[in-house]
Each structure stands twice: as structure tokens, then as C-alpha cells.
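Single-structure report; data block below.
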Amino acid sequence: MKNAMMSVAEARARIEAGAVLVIAGSEEALSSLPKGRWIGGTSVYFVTETGGRTDRENVFVTEIEAAEDARPVLYRGEDLPSLTMGRYDNGLSIILIPAFSKAHEAFAIRGAEFPGLFDQPLMGWITGIHLDDLGDVTPKVFDGAKGEMHEDGAMLLHVKLPAGEVADLDILNLFEPDMSADEITFGETGFGAKTAMVNGQEVDFAAYLVEKGIDTRCPLVANFAGAMVNVSFQAVDPAAGVSFYAPVIEGMTYHIASTPGDYASEFAARAQGDGTRELSCNCILNYIYGELESKTTGGFTGPATFGEIAYMLLNQTMVRVNLRAAEAAQVA
Amino acid sequence: MIPDASNPCWQRVLMTEKELAGAVLATKLLVTRLRREVKQRPAALNSKIAELRAYFEKNSFAVKDIALF
């Protein structure tokens, strides 16, 4: 795969050349692209080779050179659980979903139960907007094949890979649970919580966070059999309760994360591999809290998003997908 | 070779909280969901074992993870 920040004119040339592309950019930039084998999602925050930047004019393009074929499909409403259908026998799927949409909520809460979800790499992100535009415009996804823009639904690009080539999907999460901190569980799965069980005792969760002086820039972290999965705090309101950027899950045990230190330098040190050849994205919260504007973080580049997807919705996590020979993948 | 459904490795992995360091991400996330479901409804154990076996039957890249169970 090949990544580049480029002008709309350059992106148009790649589309017209028949390339299979995943494109992130502003609504205005994506709206001006011609039909072709691409999907797109709105974002104006990017991690680039020269550092983090906000850009409404140019677009971030990942070209999947190895693709033998590609099929953009929009799934919404009752069709959403079918998003694993339409895959190729050997391939991967890229998924883009607009933030704050019905599809965003439905995928986040029920996605892990969709049939066959874990049978093939599913990587993508939640599309966003400029933070100054919150409340004025909505995030979008684009179906490049049909020339359509949508503010709800999951936009999938099913990609066919050559025989002998596979996609490896993984995450890099700099946050670790602080195991000396309280053990937190929730009675219901959802994007918000009025109460929580803290060390087995029910508490008003917003009041608890305030009383404890919890730094809500650090997410809640749950251990998924060795994979650390974050849920980030969106707002703490004494009356309305606590809201999150991804659902907390009933039955999972959470701890507040310990601070990772200087995000940019920690990330650059821990991101192993040739990120320039991988499709990746990172979280807008890491971009903001880590003060990544103008800072370089190594070879992994891509949009800074309103949520990351590696089979399921994640927060404050870098998601990466790499193509490699099947034999090499099996012994890795 | 994928062990038969009666092999104790399936019950072991779904009835404990053991970390699966070295497993692929898909295996970790799926096992975690199945563990949670078994905890909520122990009678579902056999159907969850069947679901986990079916995942490995379809995904040769993940079969090595069974050795961790």
C-alpha cells in the first residue's frame, strides 16, 4: 500500500487511472472527486510524514496497489449486520462510518455480534469534522463508485487480494490500565453511564470522577485477552451523567489508564514496522491531548479520526493493516 | 488440525480469564466476547464452543492460537 497527502487534482488523476483508493479529506475536497474505485470519509486532521496538520484543501490517499478487485458497498439500517457479506474469499474490508450517526451507535454496540465479523480483517474509522464546525455540519462518507455522499451508514470497500497475500490487522495502544486504581464495571452496555460499580459498590459515576480528580484525558481500559481496549471520556456532567466516545460493555472490567508520557515520542518509539506501507489511522484525542500538531510520530501516517475500527470500535488507539505473503503471516 | 469440540481446551479458554499473548487480534476479541456471553449464560457454553471452532475452521491464519488455550 502507498500513502500520500496530495492535492485534489493529484487524487483525481489516481482515480482516473483506476487505482483502488481510501481517501480522507474535507467534505468540499471529497465532493470534487470523480467516480471511481474509492471510498472516502471526512476528516481535516492528519498525521503526516512532516507532522500533524489540519488541512481542508488536500486529501490523504491510501492506494491499495495489490488489490485485484474492489467493491464499495453502503450498509445501513437493517442491512448493517450484513456488512460482512459481499467480501471476497481472500481479502480485507475497509469500513468508514460517520460520527454521531445511527450506524455509528449500532456498529459500536452490536458489531461484535455480526455474523462472521472476525473471519476477515475489518479496518477503518469513524469520520469526523473540524472541531470548530461541531453542531453546524455532519461527518460524511463517500461512495466513489456511485458518486454519492451519505451522513449515515457504514461505507465498506471490500478488497480482493491476490492468492498468497493476506492482510494483518493490529492495533497500537499506548495506554495501559493502572492496576492499582479502582476496578470499574457497568450494569449496561452503552455510550453513557449515570452509575458504575466501583470495587463492587454502586456510585454516581460523574460524582466519583470529580471527587477522585480523575484525568479524563486518560481513557478507561479493559483487557480483552491481552488486547487493551480503550473507552474515552466525552463529557462528565453531574446531572446528565458520563458520556463516552465508545460504549462501555456490561460485564467487562475497566481501570483508568495511567498516563503514557509524551505521546509523540512514545508513539514513535513503540510503532514498529514500515508504516509508510500500511493503511493506518489514529485518534483525534491522541492528536489533541498529545499535541501532535506539527509534531512527527514516525512512519505511520493517516487521518486523525473520531474513532478507530479494528473489527470493533476503539478509542485513542492507532489501527494498522499491512499486506504480506501468507506464509510469512502464519509464522509471525 | 482443530481439536474436537469435546477437547477440554475449548472449555478451558472460555471459562478462564487467561491472556492470549501472541494470539492474533481477532482471536483475542472473539474469545473475550464469547467468555462474556458464557459468563452471562453458562448454558450457552456448547454453542459458544461451536462458534469458536467454526472461526478456526474458516481462518487458517488463526489456528496456531489454539496452542495457547
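In the C-alpha cells, chains take the letters A, B, ... in the order shown, each chain's residues start at 1, and ligands count up from 1 in the order shown.
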
Restrict the calculation to only C-alpha atoms, then for each residue of chain A with any atom at most 6 Å from an atom of chain B give the closest atom pair and their distance in Å to one decimal, rows by chain and rising residue number, as a tab-separated table.
residue	atom	partner	partner_atom	distance
A:Phe118	CA	B:Ala26	CA	5.5
A:Phe224	CA	B:Thr32	CA	5.5
A:Ala225	CA	B:Glu19	CA	4.2
A:Gly226	CA	B:Glu19	CA	4.9
A:Gln330	CA	B:Phe61	CA	5.6

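Using only C-alpha atoms, the protein and nucleic acid residues lying no more than 12 Å from Glu176 (chain A), apart from those fewer than 6 places from it along its own chain, are Cys218, Pro219, Leu220, Val221, Ala222, Asn223, Gly226, Ala227, Met228, Val229, Asn230, Tyr254, His255, Ile256, Ala257, Ser258, Thr259, Pro260, Gly261, Gln316 and Thr317 of chain A.
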
Pick out the closest residue to Ala17 (chain A) from this set: A:Tyr208, A:Val47, A:Glu63, A:Asn3. Count only C-alpha atoms. A:Glu63

Can you pull out every residue from region 30-164 of chain A that DSSP, working from the backbone, puts in helix (DSSP H, G or I), and format the result as a list of chain:residue names?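 The residues of region 30-164 of chain A classed as helix (DSSP H, G or I) are A:Leu30, A:Ser31, A:Gly77, A:Glu78, A:Asp79, A:Leu80, A:Pro81, A:Ser82, A:Leu83, A:Thr84, A:Lys102, A:Ala103, A:His104, A:Glu105, A:Ala106, A:Phe107, A:Ala108, A:Ile109, A:Arg110, A:Gly111, A:Ala112, A:Glu113, A:Leu117, A:Phe118, A:Asp119, A:Leu131, A:Asp132, A:Asp133.
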
Using the selection just defined, write its residues with N, CA and C atoms as a CSV table (one decimal), in the first residue's frame.
chain,number,residue,atom,x,y,z
A,30,LEU,N,-13.6,16.1,-1.0
A,30,LEU,CA,-14.1,14.8,-1.4
A,30,LEU,C,-15.2,14.9,-2.4
A,31,SER,N,-16.0,16.0,-2.3
A,31,SER,CA,-17.1,16.2,-3.2
A,31,SER,C,-16.7,16.5,-4.6
A,77,GLY,N,-29.2,0.9,8.2
A,77,GLY,CA,-30.4,0.4,8.8
A,77,GLY,C,-30.4,-1.1,9.1
A,78,GLU,N,-31.4,-1.8,8.6
A,78,GLU,CA,-31.5,-3.3,8.9
A,78,GLU,C,-30.3,-4.0,8.1
A,79,ASP,N,-29.7,-3.4,7.1
A,79,ASP,CA,-28.7,-4.1,6.4
A,79,ASP,C,-27.3,-4.1,7.1
A,80,LEU,N,-27.2,-3.3,8.1
A,80,LEU,CA,-25.9,-3.1,8.8
A,80,LEU,C,-25.3,-4.5,9.2
A,81,PRO,N,-26.0,-5.4,9.8
A,81,PRO,CA,-25.4,-6.6,10.3
A,81,PRO,C,-24.9,-7.5,9.1
A,82,SER,N,-25.3,-7.1,7.9
A,82,SER,CA,-24.8,-7.8,6.7
A,82,SER,C,-23.5,-7.3,6.1
A,83,LEU,N,-22.9,-6.4,6.8
A,83,LEU,CA,-21.7,-5.8,6.3
A,83,LEU,C,-20.5,-6.8,6.0
A,84,THR,N,-20.6,-8.0,6.6
A,84,THR,CA,-19.6,-8.9,6.3
A,84,THR,C,-19.9,-9.7,5.0
A,102,LYS,N,-26.6,6.9,13.3
A,102,LYS,CA,-27.3,5.7,13.8
A,102,LYS,C,-26.4,4.5,13.6
A,103,ALA,N,-25.7,4.5,12.4
A,103,ALA,CA,-24.8,3.3,12.1
A,103,ALA,C,-23.6,3.3,13.1
A,104,HIS,N,-23.1,4.5,13.5
A,104,HIS,CA,-22.0,4.6,14.5
A,104,HIS,C,-22.5,3.9,15.8
A,105,GLU,N,-23.6,4.2,16.3
A,105,GLU,CA,-24.1,3.7,17.5
A,105,GLU,C,-24.4,2.2,17.4
A,106,ALA,N,-25.0,1.8,16.3
A,106,ALA,CA,-25.4,0.4,16.1
A,106,ALA,C,-24.2,-0.5,16.0
A,107,PHE,N,-23.2,0.0,15.2
A,107,PHE,CA,-22.0,-0.8,15.0
A,107,PHE,C,-21.2,-1.0,16.3
A,108,ALA,N,-21.1,0.1,17.0
A,108,ALA,CA,-20.4,0.1,18.3
A,108,ALA,C,-21.0,-0.8,19.3
A,109,ILE,N,-22.3,-0.9,19.4
A,109,ILE,CA,-22.9,-1.7,20.4
A,109,ILE,C,-23.1,-3.2,20.0
A,110,ARG,N,-23.4,-3.4,18.7
A,110,ARG,CA,-23.8,-4.8,18.3
A,110,ARG,C,-22.8,-5.4,17.3
A,111,GLY,N,-21.8,-4.6,16.8
A,111,GLY,CA,-20.9,-5.0,15.7
A,111,GLY,C,-20.2,-6.3,16.0
A,112,ALA,N,-19.8,-6.5,17.2
A,112,ALA,CA,-19.0,-7.7,17.5
A,112,ALA,C,-19.8,-9.0,17.4
A,113,GLU,N,-21.2,-8.8,17.3
A,113,GLU,CA,-22.1,-10.0,17.2
A,113,GLU,C,-22.5,-10.2,15.7
A,117,LEU,N,-17.9,-11.6,11.7
A,117,LEU,CA,-17.1,-10.4,11.8
A,117,LEU,C,-15.6,-10.6,11.9
A,118,PHE,N,-15.2,-11.6,12.6
A,118,PHE,CA,-13.8,-11.8,12.9
A,118,PHE,C,-13.1,-12.7,11.8
A,119,ASP,N,-13.9,-13.1,10.8
A,119,ASP,CA,-13.3,-14.0,9.8
A,119,ASP,C,-12.4,-13.4,8.8
A,131,LEU,N,-13.3,20.6,14.5
A,131,LEU,CA,-14.0,20.7,15.8
A,131,LEU,C,-14.7,22.1,15.9
A,132,ASP,N,-14.3,23.1,15.1
A,132,ASP,CA,-15.0,24.4,15.1
A,132,ASP,C,-16.3,24.2,14.5
A,133,ASP,N,-16.6,23.2,13.7
A,133,ASP,CA,-17.8,23.0,12.9
A,133,ASP,C,-18.8,22.1,13.7

Any idea what the distance is between CA of Ser93 (chain A) and CA of Pro121 (chain A)?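 Spanning CA of Ser93 (chain A) to CA of Pro121 (chain A) is a straight-line distance of 6.3 Å.
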
If we count only C-alpha atoms, what is near region 232-248 of chain A at a cut-off of 6 Å, once residues fewer than 6 positions away on the same chain are taken out, given as a list in words?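 The filter keeps Thr189, Gly190, Phe191, Gly192, Ala193, Lys194, Ala206, Thr216, Pro219 and Asn315 of chain A.
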
Quick check, in Å to one decimal: how far apart do CA of Met149 (chain A) and CA of Ile39 (chain A) lie?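 Between CA of Met149 (chain A) and CA of Ile39 (chain A) the gap works out to 9.9 Å.
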
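If you count only C-alpha atoms and ignore residues fewer than 4 places along the chain from Asn282 (chain A), what sits within 8 Å of it is Val47, Asn286, Tyr287, Gly302, Pro303, Ala304, Thr305, Glu308, Gln316, Thr317, Met318 and Val319 of chain A.
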
Any chance you could export the current selection's C-alpha atoms as a PDB file, in the first residue's frame?
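So the final result, stored in out.pdb, reads:
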ATOM      1  CA  VAL A  47      -0.766  12.689  10.868  1.00  0.00           C
ATOM      2  CA  ASN A 286      -4.387  11.439  20.737  1.00  0.00           C
ATOM      3  CA  TYR A 287      -3.874  14.243  18.201  1.00  0.00           C
ATOM      4  CA  GLY A 302      -3.167   8.825   8.103  1.00  0.00           C
ATOM      5  CA  PRO A 303      -6.233  10.681   9.301  1.00  0.00           C
ATOM      6  CA  ALA A 304      -6.816  11.548  12.974  1.00  0.00           C
ATOM      7  CA  THR A 305     -10.304  10.182  13.435  1.00  0.00           C
ATOM      8  CA  GLU A 308     -10.926   3.730  15.085  1.00  0.00           C
ATOM      9  CA  GLN A 316      -7.357   6.601  21.460  1.00  0.00           C
ATOM     10  CA  THR A 317      -5.718   3.795  19.527  1.00  0.00           C
ATOM     11  CA  MET A 318      -3.713   3.518  16.323  1.00  0.00           C
ATOM     12  CA  VAL A 319      -5.080   0.873  13.948  1.00  0.00           C
TER      13      VAL A 319
END

Here CA of Leu156 (chain A) and CA of Arg71 (chain A) stand apart by 8.0 Å

Tell me, as an MDAnalysis selection string, which residues lie within 9 Å of Ala325 (chain A), counting only C-alpha atoms; anything in the same chain fewer than 6 positions away does not count. chainID A and resid 164:167

With a distance cut-off of 12 Å and only C-alpha atoms, select the neighbouring residues of Gln11 (chain B), excluding the residue or stretch itself and same-chain residues fewer than 4 positions from it, and output the selection as JSON, numbers by chain. {"B": [3, 4, 5, 6, 7, 15, 16, 17, 31, 34, 35, 38, 42, 44, 45, 46, 47, 48, 49, 50, 52, 53, 69]}

How about saving the chosen residues, N, CA and C atoms kept, as a compact mmCIF listing (two decimals), in the first residue's frame?
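Resulting contents of result-v4.txt:
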# COMPACT_ATOMS: atom_id res chain seq x y z
N PRO B 3 -8.92 -29.26 17.26
CA PRO B 3 -9.41 -30.27 18.22
C PRO B 3 -10.92 -30.42 18.16
N ASP B 4 -11.36 -31.62 18.47
CA ASP B 4 -12.79 -31.93 18.55
C ASP B 4 -13.45 -31.05 19.62
N ALA B 5 -14.75 -30.85 19.49
CA ALA B 5 -15.48 -29.99 20.43
C ALA B 5 -15.41 -30.51 21.87
N SER B 6 -15.14 -31.81 22.02
CA SER B 6 -15.07 -32.37 23.38
C SER B 6 -13.71 -32.13 24.04
N ASN B 7 -12.76 -31.63 23.27
CA ASN B 7 -11.43 -31.38 23.85
C ASN B 7 -11.54 -30.32 24.95
N MET B 15 -13.75 -20.50 29.97
CA MET B 15 -14.16 -20.44 31.38
C MET B 15 -13.10 -19.79 32.26
N THR B 16 -12.01 -19.31 31.65
CA THR B 16 -10.97 -18.64 32.44
C THR B 16 -10.78 -17.23 31.89
N GLU B 17 -9.91 -16.47 32.52
CA GLU B 17 -9.62 -15.12 32.06
C GLU B 17 -8.19 -15.03 31.52
N VAL B 31 -12.69 -14.28 21.55
CA VAL B 31 -12.69 -15.06 22.80
C VAL B 31 -13.25 -14.22 23.94
N LEU B 34 -17.01 -14.16 23.65
CA LEU B 34 -17.61 -15.47 23.99
C LEU B 34 -17.52 -15.74 25.49
N ARG B 35 -16.41 -15.36 26.12
CA ARG B 35 -16.27 -15.52 27.57
C ARG B 35 -17.38 -14.76 28.31
N VAL B 38 -20.69 -16.54 27.89
CA VAL B 38 -20.78 -17.76 28.70
C VAL B 38 -20.99 -17.40 30.18
N PRO B 42 -24.32 -19.56 31.31
CA PRO B 42 -23.46 -20.76 31.28
C PRO B 42 -24.01 -21.88 30.40
N ALA B 44 -25.02 -21.69 27.57
CA ALA B 44 -24.66 -21.45 26.17
C ALA B 44 -23.25 -21.95 25.84
N LEU B 45 -22.58 -22.57 26.80
CA LEU B 45 -21.18 -22.95 26.60
C LEU B 45 -20.97 -23.76 25.31
N ASN B 46 -21.79 -24.79 25.10
CA ASN B 46 -21.56 -25.65 23.93
C ASN B 46 -21.73 -24.89 22.62
N SER B 47 -22.71 -24.01 22.57
CA SER B 47 -22.91 -23.25 21.32
C SER B 47 -21.76 -22.27 21.11
N LYS B 48 -21.19 -21.75 22.19
CA LYS B 48 -20.06 -20.81 22.06
C LYS B 48 -18.79 -21.56 21.64
N ILE B 49 -18.64 -22.80 22.14
CA ILE B 49 -17.51 -23.63 21.69
C ILE B 49 -17.66 -23.90 20.19
N ALA B 50 -18.86 -24.18 19.76
CA ALA B 50 -19.10 -24.43 18.33
C ALA B 50 -18.77 -23.19 17.50
N LEU B 52 -16.62 -20.82 18.29
CA LEU B 52 -15.17 -20.62 18.28
C LEU B 52 -14.49 -21.62 17.34
N ARG B 53 -14.96 -22.87 17.36
CA ARG B 53 -14.39 -23.87 16.44
C ARG B 53 -14.64 -23.47 14.99
N PHE B 69 -4.49 -22.18 24.22
CA PHE B 69 -5.69 -22.40 25.04
C PHE B 69 -5.40 -23.35 26.20
